[in-house]
Every structure is written in C-alpha cells, then in structure tokens.
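> Just one file: structure-v3.txt, with compact mmCIF, C-alpha atoms.
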```txt
# COMPACT_ATOMS: atom_id res chain seq x y z
CA MET S 110 42.00 -38.72 24.50
CA HIS S 111 38.67 -39.92 25.82
CA MET S 112 37.33 -43.33 24.78
CA ASP S 113 34.08 -41.83 23.41
CA LYS S 114 36.00 -39.42 21.17
CA LEU S 115 38.23 -42.19 19.85
CA ILE S 116 35.23 -44.42 19.11
CA GLY S 117 33.51 -41.51 17.37
CA ASN S 118 36.55 -40.94 15.14
CA LEU S 119 36.75 -44.63 14.25
CA GLU S 120 33.03 -44.83 13.45
CA LYS S 121 33.36 -41.93 11.01
CA HIS S 122 36.35 -43.46 9.23
CA ILE S 123 35.68 -45.12 5.86
CA PRO S 124 38.40 -47.74 5.17
CA SER S 125 40.31 -47.42 1.91
CA LEU S 126 43.63 -48.49 0.44
CA LEU S 127 46.50 -47.21 2.58
CA HIS S 128 48.55 -44.55 0.74
CA GLN S 129 46.19 -44.75 -2.23
CA ASP S 130 47.00 -41.11 -3.02
CA GLN S 131 50.47 -42.35 -3.99
CA PHE S 132 49.04 -44.71 -6.62
CA ARG S 133 48.10 -43.73 -10.16
CA LYS S 134 44.85 -45.29 -11.38
CA TYR S 135 44.43 -46.78 -14.86
CA GLY S 136 41.44 -48.01 -16.85
CA ILE S 137 42.03 -50.76 -19.43
CA LEU S 138 39.56 -52.24 -21.92
CA VAL S 139 39.67 -55.74 -23.41
CA PRO S 140 37.75 -55.18 -26.67
CA VAL S 141 35.64 -58.15 -27.75
CA LEU S 142 34.05 -58.16 -31.19
CA LYS S 143 32.22 -60.62 -33.39
CA LYS S 144 33.82 -61.78 -36.66
CA GLY S 145 31.61 -64.23 -38.48
CA GLU S 146 30.44 -66.71 -35.87
CA GLU S 147 33.49 -66.22 -33.64
CA LEU S 148 34.12 -63.84 -30.76
CA HIS S 149 37.55 -62.22 -31.07
CA ILE S 150 39.76 -60.18 -28.75
CA LEU S 151 41.31 -57.08 -30.28
CA PHE S 152 44.92 -56.22 -29.46
CA GLU S 153 47.05 -53.19 -30.22
CA VAL S 154 50.70 -53.04 -31.24
CA ARG S 155 52.15 -50.00 -29.50
CA SER S 156 53.76 -47.36 -31.68
CA HIS S 157 57.51 -47.79 -32.10
CA ASN S 158 57.92 -44.08 -31.34
CA LEU S 159 56.56 -44.35 -27.81
CA ARG S 160 59.02 -43.85 -24.95
CA ARG S 161 57.71 -46.76 -22.89
CA GLN S 162 57.32 -50.31 -24.23
CA PRO S 163 57.44 -49.44 -27.95
CA GLY S 164 56.25 -52.21 -30.26
CA GLU S 165 54.75 -54.32 -27.48
CA ILE S 166 51.26 -55.79 -27.45
CA CYS S 167 48.62 -54.12 -25.30
CA PHE S 168 44.95 -53.35 -24.78
CA PRO S 169 43.52 -49.84 -25.11
CA GLY S 170 43.72 -47.88 -21.88
CA GLY S 171 45.56 -45.32 -19.86
CA GLN S 172 45.77 -43.21 -16.74
CA MET S 173 42.67 -41.67 -15.21
CA GLU S 174 42.26 -37.97 -15.84
CA ASN S 175 40.66 -35.53 -13.42
CA THR S 176 37.56 -35.40 -15.61
CA ASP S 177 37.07 -39.19 -15.45
CA LYS S 178 34.50 -40.10 -12.81
CA HIS S 179 35.35 -43.82 -12.83
CA PRO S 180 38.05 -46.10 -14.30
CA GLU S 181 35.43 -47.48 -16.72
CA GLU S 182 35.08 -43.99 -18.14
CA THR S 183 38.86 -43.91 -18.58
CA ALA S 184 38.82 -47.26 -20.39
CA ARG S 185 36.06 -46.13 -22.75
CA ARG S 186 37.69 -42.76 -23.47
CA GLU S 187 41.12 -44.25 -24.14
CA THR S 188 39.63 -46.91 -26.44
CA VAL S 189 37.86 -44.25 -28.48
CA GLU S 190 41.03 -42.15 -28.71
CA GLU S 191 43.36 -45.02 -29.58
CA LEU S 192 41.19 -47.02 -31.99
CA GLY S 193 39.52 -44.06 -33.68
CA ILE S 194 36.00 -45.31 -32.99
CA SER S 195 32.99 -43.58 -31.44
CA PHE S 196 31.64 -44.02 -27.93
CA GLU S 197 28.51 -45.52 -29.47
CA GLN S 198 30.58 -48.41 -30.85
CA ILE S 199 31.37 -49.59 -27.32
CA GLY S 200 28.47 -51.58 -25.89
CA GLN S 201 28.19 -53.34 -22.55
CA VAL S 202 31.27 -53.16 -20.33
CA TYR S 203 32.03 -55.56 -17.47
CA PRO S 204 34.76 -55.32 -14.80
CA LEU S 205 37.51 -57.90 -14.43
CA ASP S 206 39.66 -58.26 -11.29
CA TYR S 207 41.64 -55.13 -10.51
CA MET S 208 45.36 -55.20 -9.75
CA ILE S 209 47.55 -53.29 -7.34
CA GLN S 210 51.13 -52.86 -8.57
CA PRO S 211 53.07 -51.52 -5.57
CA ILE S 212 56.42 -51.39 -7.36
CA GLU S 213 55.04 -49.35 -10.27
CA GLY S 214 52.71 -47.40 -7.96
CA ARG S 215 49.64 -48.23 -10.04
CA ILE S 216 46.14 -49.58 -9.57
CA ILE S 217 44.88 -51.22 -12.75
CA TYR S 218 41.14 -51.51 -13.41
CA PRO S 219 40.55 -53.83 -16.42
CA PHE S 220 37.20 -54.19 -18.16
CA VAL S 221 35.80 -56.30 -20.97
CA GLY S 222 33.79 -54.33 -23.51
CA PHE S 223 31.82 -55.45 -26.55
CA VAL S 224 32.85 -53.37 -29.54
CA THR S 225 31.26 -52.96 -32.95
CA ILE S 226 33.68 -52.23 -35.78
CA ASP S 227 32.16 -50.74 -38.92
CA GLY S 228 34.60 -50.94 -41.80
CA GLU S 229 38.34 -50.41 -41.46
CA LEU S 230 39.86 -49.26 -38.18
CA ARG S 231 41.79 -45.99 -38.23
CA PRO S 232 43.80 -46.08 -35.00
CA ASN S 233 45.78 -43.14 -33.67
CA LYS S 234 49.21 -43.71 -35.24
CA LEU S 235 50.91 -41.68 -32.51
CA GLU S 236 50.03 -44.46 -30.08
CA VAL S 237 49.09 -47.51 -32.14
CA ALA S 238 51.24 -49.02 -34.89
CA ASP S 239 48.78 -51.78 -35.77
CA THR S 240 45.90 -53.90 -34.47
CA PHE S 241 45.00 -57.56 -34.77
CA THR S 242 42.32 -59.88 -33.43
CA VAL S 243 42.47 -63.41 -32.05
CA PRO S 244 39.52 -65.78 -31.52
CA ILE S 245 38.81 -66.33 -27.83
CA ARG S 246 38.59 -70.03 -28.62
CA TYR S 247 42.26 -69.98 -29.70
CA PHE S 248 43.39 -68.99 -26.21
CA LEU S 249 40.95 -71.32 -24.45
CA GLU S 250 42.49 -74.26 -26.31
CA ARG S 251 46.03 -73.38 -25.20
CA THR S 252 47.99 -72.88 -22.00
CA PRO S 253 50.46 -70.00 -21.70
CA ASP S 254 54.08 -70.44 -20.72
CA THR S 255 54.51 -69.16 -17.17
CA PHE S 256 57.72 -67.93 -15.53
CA THR S 257 58.55 -66.12 -12.31
CA VAL S 258 60.34 -62.87 -11.56
CA ASP S 259 61.77 -62.05 -8.11
CA PHE S 260 61.83 -58.54 -6.68
CA HIS S 261 64.23 -57.79 -3.82
CA PRO S 262 64.07 -54.73 -1.53
CA VAL S 263 67.11 -52.43 -1.83
CA PRO S 264 67.28 -49.96 1.10
CA GLU S 265 68.75 -46.53 0.42
CA ASP S 266 72.34 -45.76 1.52
CA ARG S 267 71.31 -43.81 4.63
CA PHE S 268 68.83 -46.47 5.81
CA PRO S 269 69.11 -46.84 9.66
CA PHE S 270 70.20 -50.49 9.75
CA HIS S 271 71.34 -50.05 13.37
CA LEU S 272 67.70 -49.65 14.42
CA ILE S 273 66.44 -53.00 13.10
CA PRO S 274 67.20 -56.58 14.23
CA GLY S 275 70.12 -58.05 12.28
CA GLY S 276 71.22 -54.72 10.85
CA LYS S 277 72.47 -55.07 7.28
CA GLN S 278 71.87 -58.82 7.53
CA TYR S 279 68.13 -58.31 8.04
CA PRO S 280 66.29 -61.11 6.16
CA TRP S 281 64.32 -59.00 3.70
CA GLN S 282 61.61 -61.00 1.96
CA LYS S 283 61.57 -61.11 -1.80
CA ARG S 284 58.38 -60.85 -3.82
CA THR S 285 57.80 -63.36 -6.59
CA VAL S 286 55.38 -62.62 -9.42
CA LYS S 287 54.21 -64.78 -12.29
CA GLU S 288 54.68 -63.72 -15.89
CA HIS S 289 52.49 -65.38 -18.52
CA PHE S 290 53.46 -65.62 -22.19
CA PHE S 291 50.88 -66.14 -24.93
CA TYR S 292 51.83 -66.55 -28.59
CA TYR S 293 49.86 -65.87 -31.75
CA ASP S 294 51.55 -65.91 -35.16
CA ASP S 295 54.63 -63.69 -34.64
CA TYR S 296 53.10 -61.81 -31.72
CA VAL S 297 54.24 -62.31 -28.12
CA ILE S 298 51.75 -61.23 -25.46
CA TRP S 299 53.22 -60.85 -21.99
CA GLY S 300 53.37 -58.51 -18.99
CA LEU S 301 50.29 -56.63 -17.86
CA THR S 302 48.40 -57.50 -21.05
CA ALA S 303 48.99 -61.22 -20.51
CA ASN S 304 47.94 -60.97 -16.87
CA ILE S 305 44.66 -59.30 -17.82
CA LEU S 306 44.10 -61.83 -20.61
CA HIS S 307 44.84 -64.72 -18.24
CA ASN S 308 42.31 -63.38 -15.72
CA PHE S 309 39.66 -63.02 -18.44
CA LEU S 310 40.22 -66.58 -19.66
CA THR S 311 40.15 -67.92 -16.09
CA ILE S 312 36.76 -66.28 -15.51
CA ILE S 313 35.42 -67.86 -18.72
CA ARG S 314 36.72 -71.32 -17.79
CA GLU S 315 35.37 -71.16 -14.24
CA THR S 316 31.97 -70.02 -15.47
CA GLU S 317 31.79 -72.83 -18.04
CA LYS S 318 32.94 -75.38 -15.43
CA ASN S 319 30.10 -74.41 -13.07
CA GLU S 320 27.38 -74.57 -15.72
```
What would you get if you wrote out this structure as structure tokens?

Amino acid sequence: MHMDKLIGNLEKHIPSLLHQDQFRKYGILVPVLKKGEELHILFEVRSHNLRRQPGEICFPGGQMENTDKHPEETARRETVEELGISFEQIGQVYPLDYMIQPIEGRIIYPFVGFVTIDGELRPNKLEVADTFTVPIRYFLERTPDTFTVDFHPVPEDRFPFHLIPGGKQYPWQKRTVKEHFFYYDDYVIWGLTANILHNFLTIIRETEKNE
C-alpha cells in the first residue's frame, strides 16, 4: 500500500466507538415536575409481571427503535408510552452524562426533562405498577450508601491459553464498579437508576458550588 493511499483512507475515517454496532442504545428520562414550591423527581415502580427486574424502581425509558432519530426522541417516546401523558407535557430536555455498559452491551443516554402533570397519572399497567415523586432537596440533603461489585473475566473452555503469557495463570484484571443505594420511605433505588440519579445530583451540586 502506498503512503498517500493510506493517508487518504485515514483522513476520510470518522472516529466512533469501536464495535458500537454490538451495543444496544437506550434513552432514559429523569422526569422533573413542580409540586407546590418544590421540584420533584418522578420515579416508576416496574410492573411485577415484567420478565426483567420486576418491582424495581426506574425512570421512564427504553431501547432505541429504528424510527428514533436520537436517544432523546427515545426518552420522550418511552415517557409518553409509560406514563400515559402527551408529548406536549414534556418541556425542555437536557442531556446528562451517557454511560457505556460493556458487560450488558448497552449505551445509556440519560436526559432530564421538565414534565407537566395535569390531574391523575394513568401509567401503562403492563409496564408500570405505580409511580411516586421525591423532592430533589430530599436527595441533596442526604448521601447514598455506596458499595462495590467486582467483575472477573471467564474465558470460554476452548480459549487458547497456550498462546498467551502465563497460560491459565494469566493475571486477568477484574473490573470494579460502584453501586449507589438511595432510600425513600419503603423504596430502594439502586442500579442504573441510582447511577443516573447520582450523576444528576452531582451536576446540581457542582453547579451550585461554582456559583
């Protein structure tokens, strides 16, 4: 290969996430609404009939569909479908930090959206068992419990250990992740929902600290 051709190929290349076609993309919305003089965060309790994570606490959201042009569109659509509200009831939407979950094969795009609730919510009972709101101030006045979880690589049986230094004694590196736990009444908020919430609260605190 000639140098000029190689340089031409590199100049045309637009960098992206390696193997991103193997990752599923999700849009999540953190609904914020005003109750009295307080800003609240709305949470969902997942239906107990769902196959994955029944009864756990989450935010509205789901996997991008082919018709979604952007993860924000996914977050808005899923919120409308799950909470039984209209698109017009979702106002300004702002992105939080996105997350790459290599083990689950997911890229999570969280957003904060200001929602107007007129009257009683009628969520989709196939997905949502219940909803509740918590003042943002409540979380800002508290610190979550934080624990760690270790993930260890497990090579398949036919892995060619004879080709790598150390063979079966190769010092694979573990991956440690933090898990935050928030509590409100009898609700336990953890996992992805807690990570998104923690990021949102961190952004608020850092903004207030710099003012």
> Taking the point (41.6, -53.2, -17.3) as given in the file, collect each protein or nucleic acid residue that comes within 8 Å of it, counting only C-alpha atoms, and present the set as number ranges by chain.
S: 135-139, 170, 184, 204-205, 207, 217-221, 305
> To one decimal place, how far is CA of Thr252 (chain S) from CA of Tyr292 (chain S) in Å?
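Straight-line distance from CA of Thr252 (chain S) to CA of Tyr292 (chain S) works out to 9.9 Å.
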> Mind checking which residues fall within 8 Å of Ile194 (chain S), counting all atoms listed in the file, ignoring those fewer than 2 positions away in the same chain, and posting them as a list in words?
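These residues fall inside the cut-off: Thr188, Val189, Glu190, Leu192, Phe196, Gln198, Ile226, Leu230 and Arg231 of chain S.
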> How many Å lie between CA of Lys143 (chain S) and CA of Gly200 (chain S), rounded to one decimal?
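Separation between CA of Lys143 (chain S) and CA of Gly200 (chain S): 12.3 Å.
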> Just give me the gap between CA of Gly222 (chain S) and CA of Phe256 (chain S) in Å, one decimal is fine.
28.7 Å
> Excluding Thr311 (chain S) and any residue of its chain fewer than 5 positions from it, enumerate the residues within 12 Å of it, using all atoms listed in the file, and give them as a ChimeraX atom specification.
/S:205-206,245,248-249,252-253,303-306,316-318
> May I have the residues within 8 Å of region 277-286 of chain S as a PyMOL selection string, using all atoms listed in the file and disregarding those fewer than 3 positions away in the same chain?
chain S and resi 257-262+270-271+273-274
> Compile the contact shell of Glu174 (chain S) as number ranges by chain: residues with an atom at most 12 Å away, counting only C-alpha atoms, same-chain residues fewer than 2 positions apart removed.
S: 133-136, 170-172, 176-184, 186-187
> Enclose all atoms of region 244-260 of chain S listed in the file in an axis-aligned box, grow every side by 8 Å, and hand back centre and edge lengths in Å to one decimal, as JSON.

```
{"center_x": 50.2, "center_y": -66.4, "center_z": -19.1, "size_x": 39.2, "size_y": 31.7, "size_z": 40.8}
```
> For Ile298 (chain S), find every residue with an atom within 8 Å (counting only C-alpha atoms), except residues of its own chain fewer than 6 positions away, and show them as a PyMOL selection string.
chain S and resi 165-167+290-292
> My list of candidates is S:Leu142, S:His307, S:Leu301, S:Pro163. Which is closest to Asp227 (chain S) when distances are computed with all atoms listed in the file?
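Checking each candidate against Asp227 (chain S), we get S:Leu142 as the closest.
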